[in-house]
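Trainee: I'd like to ask you about the structure that follows.
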Amino acid sequence: QVQLVESGGGLVQPGGSLRLSCAASGIIFRVGAMGWYRQAPGKQRELVSTVTSGGITNYADSVKGRFTISRDNAKNAVYLQMNSLKPEDTAVYYCNAYISVGSMRSYWGQGTPVTVSS
């Protein structure tokens with residue numbers, strides 16, 4: 001059974017920083033693209049950032065220059081460094097990964113809440 005476990009969310013003041021972590025566990029043959037999505041109250045889930053197994057990154061315009069995604073292929077982990085946080089970054093952040101246990105499919109973490117407020 002493949003699982004994605006996230007950590008690192010919490011309450012932070014505007015302008016502050018947080019680092020989210022997500023690690024995949026279970027019987028894994030190969031990990032493809034990994035990424036972060038978020039869902040604010042009353043809104044649809046949206047892409048924040050993705051990174052391919054080769055290290056190519058992609059960011060939503062709203063977080064460019066403030067967030068940095070990285071991954072550790074040896075640990076099957078992905079990270080999101082969030083700087084200069086704004087109240088509009090408040091959301092539940094979900095880790096996503098394409099993982100092969102025979103065939104490639106998408107997996108989601110349980111979500112970690114981030115609240116940016118003074």
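Identifiers in this document derive from the order of the structure tokens: chains are assigned A, B, ..., residues are numbered from 1 separately in each chain, and ligands are numbered from 1 in order of occurrence.
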Show me, as number ranges by chain, the residues that have an atom within 6 Å of Ile99 (chain A) when counting only C-alpha atoms, minus same-chain residues fewer than 6 positions from it.

Mentor: A: 30-32, 105

Trainee: As a ChimeraX atom specification, please: all residues of chain A that backbone DSSP puts in strand (DSSP E).

Mentor: /A:3-7,10-12,18-25,30-39,46-51,57-59,67-72,77-82,91-100,104-108,112-116

Trainee: Taking only chain A into account, list the residues labelled helix (DSSP H, G or I) by DSSP (computed from the backbone), as a count of residues only.

Mentor: 9

Trainee: Check the smallest atom-to-atom distance from each of A:Ser70, A:Ser106, A:Thr112, A:Ser100 to Thr57 (chain A) using only C-alpha atoms, then report the winner.

Mentor: A:Ser70

Trainee: Restricting the calculation to only C-alpha atoms: of A:Ala77, A:Met82, A:Met34, A:Cys22, which residue gets closest to Asn58 (chain A)?

Mentor: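 Comparing A:Ala77, A:Met82, A:Met34, A:Cys22 against Asn58 (chain A), the winner is A:Met34.
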
Trainee: Could you state the separation of CA of Ala74 (chain A) and CA of Gly16 (chain A) in Å, given to one decimal place?

Mentor: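 Straight-line distance from CA of Ala74 (chain A) to CA of Gly16 (chain A) works out to 29.4 Å.
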
Trainee: Which of these residues is nearest to Asn73 (chain A), using only C-alpha atoms: A:Val5, A:Ala33, A:Cys95, A:Met104?

Mentor: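 So, comparing all the options, the nearest one is A:Ala33.
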
Trainee: Set the distance at 8 Å and use only C-alpha atoms: which residues neighbour Glu6 (chain A) once local chain neighbours fewer than 3 positions away are removed? I'd like the list as a PyMOL selection string.

Mentor: chain A and resi 20-23+94-95+109-112

Trainee: Output all heavy atoms for every residue in that selection, as a PDB file, in the first residue's frame.

Mentor:
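Result file out-v5.pdb:
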```pdb
ATOM      1  N   LEU A  20       7.087  22.649   3.887  1.00  0.00           N
ATOM      2  CA  LEU A  20       6.275  21.438   3.853  1.00  0.00           C
ATOM      3  C   LEU A  20       7.117  20.265   3.356  1.00  0.00           C
ATOM      4  O   LEU A  20       7.958  20.434   2.470  1.00  0.00           O
ATOM      5  CB  LEU A  20       5.063  21.617   2.946  1.00  0.00           C
ATOM      6  CG  LEU A  20       4.151  22.801   3.233  1.00  0.00           C
ATOM      7  CD1 LEU A  20       2.961  22.793   2.271  1.00  0.00           C
ATOM      8  CD2 LEU A  20       3.676  22.802   4.664  1.00  0.00           C
ATOM      9  N   SER A  21       6.848  19.107   3.924  1.00  0.00           N
ATOM     10  CA  SER A  21       7.529  17.887   3.500  1.00  0.00           C
ATOM     11  C   SER A  21       6.499  16.811   3.184  1.00  0.00           C
ATOM     12  O   SER A  21       5.418  16.775   3.770  1.00  0.00           O
ATOM     13  CB  SER A  21       8.450  17.372   4.612  1.00  0.00           C
ATOM     14  OG  SER A  21       9.429  18.320   4.962  1.00  0.00           O
ATOM     15  N   CYS A  22       6.861  15.941   2.264  1.00  0.00           N
ATOM     16  CA  CYS A  22       5.981  14.832   1.892  1.00  0.00           C
ATOM     17  C   CYS A  22       6.864  13.659   1.497  1.00  0.00           C
ATOM     18  O   CYS A  22       7.762  13.808   0.668  1.00  0.00           O
ATOM     19  CB  CYS A  22       5.080  15.228   0.743  1.00  0.00           C
ATOM     20  SG  CYS A  22       4.123  13.868   0.027  1.00  0.00           S
ATOM     21  N   ALA A  23       6.598  12.508   2.077  1.00  0.00           N
ATOM     22  CA  ALA A  23       7.377  11.316   1.761  1.00  0.00           C
ATOM     23  C   ALA A  23       6.455  10.173   1.376  1.00  0.00           C
ATOM     24  O   ALA A  23       5.405   9.962   2.007  1.00  0.00           O
ATOM     25  CB  ALA A  23       8.237  10.909   2.951  1.00  0.00           C
ATOM     26  N   TYR A  94      -1.897  19.857  -0.335  1.00  0.00           N
ATOM     27  CA  TYR A  94      -1.888  18.428  -0.612  1.00  0.00           C
ATOM     28  C   TYR A  94      -0.670  18.052  -1.460  1.00  0.00           C
ATOM     29  O   TYR A  94      -0.362  18.707  -2.454  1.00  0.00           O
ATOM     30  CB  TYR A  94      -3.141  18.014  -1.365  1.00  0.00           C
ATOM     31  CG  TYR A  94      -4.419  18.197  -0.597  1.00  0.00           C
ATOM     32  CD1 TYR A  94      -5.147  19.385  -0.674  1.00  0.00           C
ATOM     33  CD2 TYR A  94      -4.914  17.175   0.208  1.00  0.00           C
ATOM     34  CE1 TYR A  94      -6.319  19.558   0.038  1.00  0.00           C
ATOM     35  CE2 TYR A  94      -6.097  17.333   0.914  1.00  0.00           C
ATOM     36  CZ  TYR A  94      -6.785  18.523   0.829  1.00  0.00           C
ATOM     37  OH  TYR A  94      -7.967  18.683   1.528  1.00  0.00           O
ATOM     38  N   CYS A  95      -0.044  16.992  -1.058  1.00  0.00           N
ATOM     39  CA  CYS A  95       1.054  16.415  -1.834  1.00  0.00           C
ATOM     40  C   CYS A  95       0.475  15.451  -2.874  1.00  0.00           C
ATOM     41  O   CYS A  95      -0.496  14.722  -2.598  1.00  0.00           O
ATOM     42  CB  CYS A  95       1.974  15.668  -0.878  1.00  0.00           C
ATOM     43  SG  CYS A  95       3.310  14.754  -1.667  1.00  0.00           S
ATOM     44  N   GLY A 109      -1.721  12.871  -0.739  1.00  0.00           N
ATOM     45  CA  GLY A 109      -1.584  12.866   0.701  1.00  0.00           C
ATOM     46  C   GLY A 109      -2.867  13.305   1.371  1.00  0.00           C
ATOM     47  O   GLY A 109      -3.845  13.657   0.693  1.00  0.00           O
ATOM     48  N   GLN A 110      -2.853  13.311   2.696  1.00  0.00           N
ATOM     49  CA  GLN A 110      -4.066  13.633   3.440  1.00  0.00           C
ATOM     50  C   GLN A 110      -4.278  15.131   3.592  1.00  0.00           C
ATOM     51  O   GLN A 110      -5.360  15.567   3.986  1.00  0.00           O
ATOM     52  CB  GLN A 110      -4.003  12.980   4.838  1.00  0.00           C
ATOM     53  CG  GLN A 110      -3.151  13.717   5.862  1.00  0.00           C
ATOM     54  CD  GLN A 110      -1.665  13.537   5.678  1.00  0.00           C
ATOM     55  OE1 GLN A 110      -1.198  12.845   4.768  1.00  0.00           O
ATOM     56  NE2 GLN A 110      -0.886  14.154   6.561  1.00  0.00           N
ATOM     57  N   GLY A 111      -3.279  15.916   3.274  1.00  0.00           N
ATOM     58  CA  GLY A 111      -3.387  17.367   3.380  1.00  0.00           C
ATOM     59  C   GLY A 111      -2.829  17.892   4.687  1.00  0.00           C
ATOM     60  O   GLY A 111      -2.966  17.258   5.744  1.00  0.00           O
ATOM     61  N   THR A 112      -2.203  19.043   4.616  1.00  0.00           N
ATOM     62  CA  THR A 112      -1.697  19.719   5.817  1.00  0.00           C
ATOM     63  C   THR A 112      -2.126  21.181   5.750  1.00  0.00           C
ATOM     64  O   THR A 112      -1.932  21.834   4.727  1.00  0.00           O
ATOM     65  CB  THR A 112      -0.170  19.577   5.947  1.00  0.00           C
ATOM     66  OG1 THR A 112       0.259  20.169   7.179  1.00  0.00           O
ATOM     67  CG2 THR A 112       0.575  20.231   4.793  1.00  0.00           C
TER      68      THR A 112
END
```

Trainee: For CA of Val2 (chain A) and CA of Val114 (chain A), determine how far apart the two atoms are, in Å to one decimal place.

Mentor: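 So the two atoms, CA of Val2 (chain A) and CA of Val114 (chain A), lie 24.4 Å apart.
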
Trainee: Of the candidates A:Trp108, A:Tyr93, A:Phe29, A:Tyr37, which one gets nearest to Tyr59 (chain A) if we count only C-alpha atoms?

Mentor: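 Closest residue, counting only C-alpha atoms: A:Tyr37.
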
Trainee: Would you please work out which residue, of A:Ala91, A:Val78, A:Val101, A:Val116, is nearest to Ala40 (chain A) when using only C-alpha atoms?

Mentor: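 Looking only at the distances to Ala40 (chain A), the closest residue turns out to be A:Ala91.
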
Trainee: Nearest residue to Ile56 (chain A) out of A:Pro113, A:Gly35, A:Pro41, A:Gly8, using only C-alpha atoms?

Mentor: A:Gly35
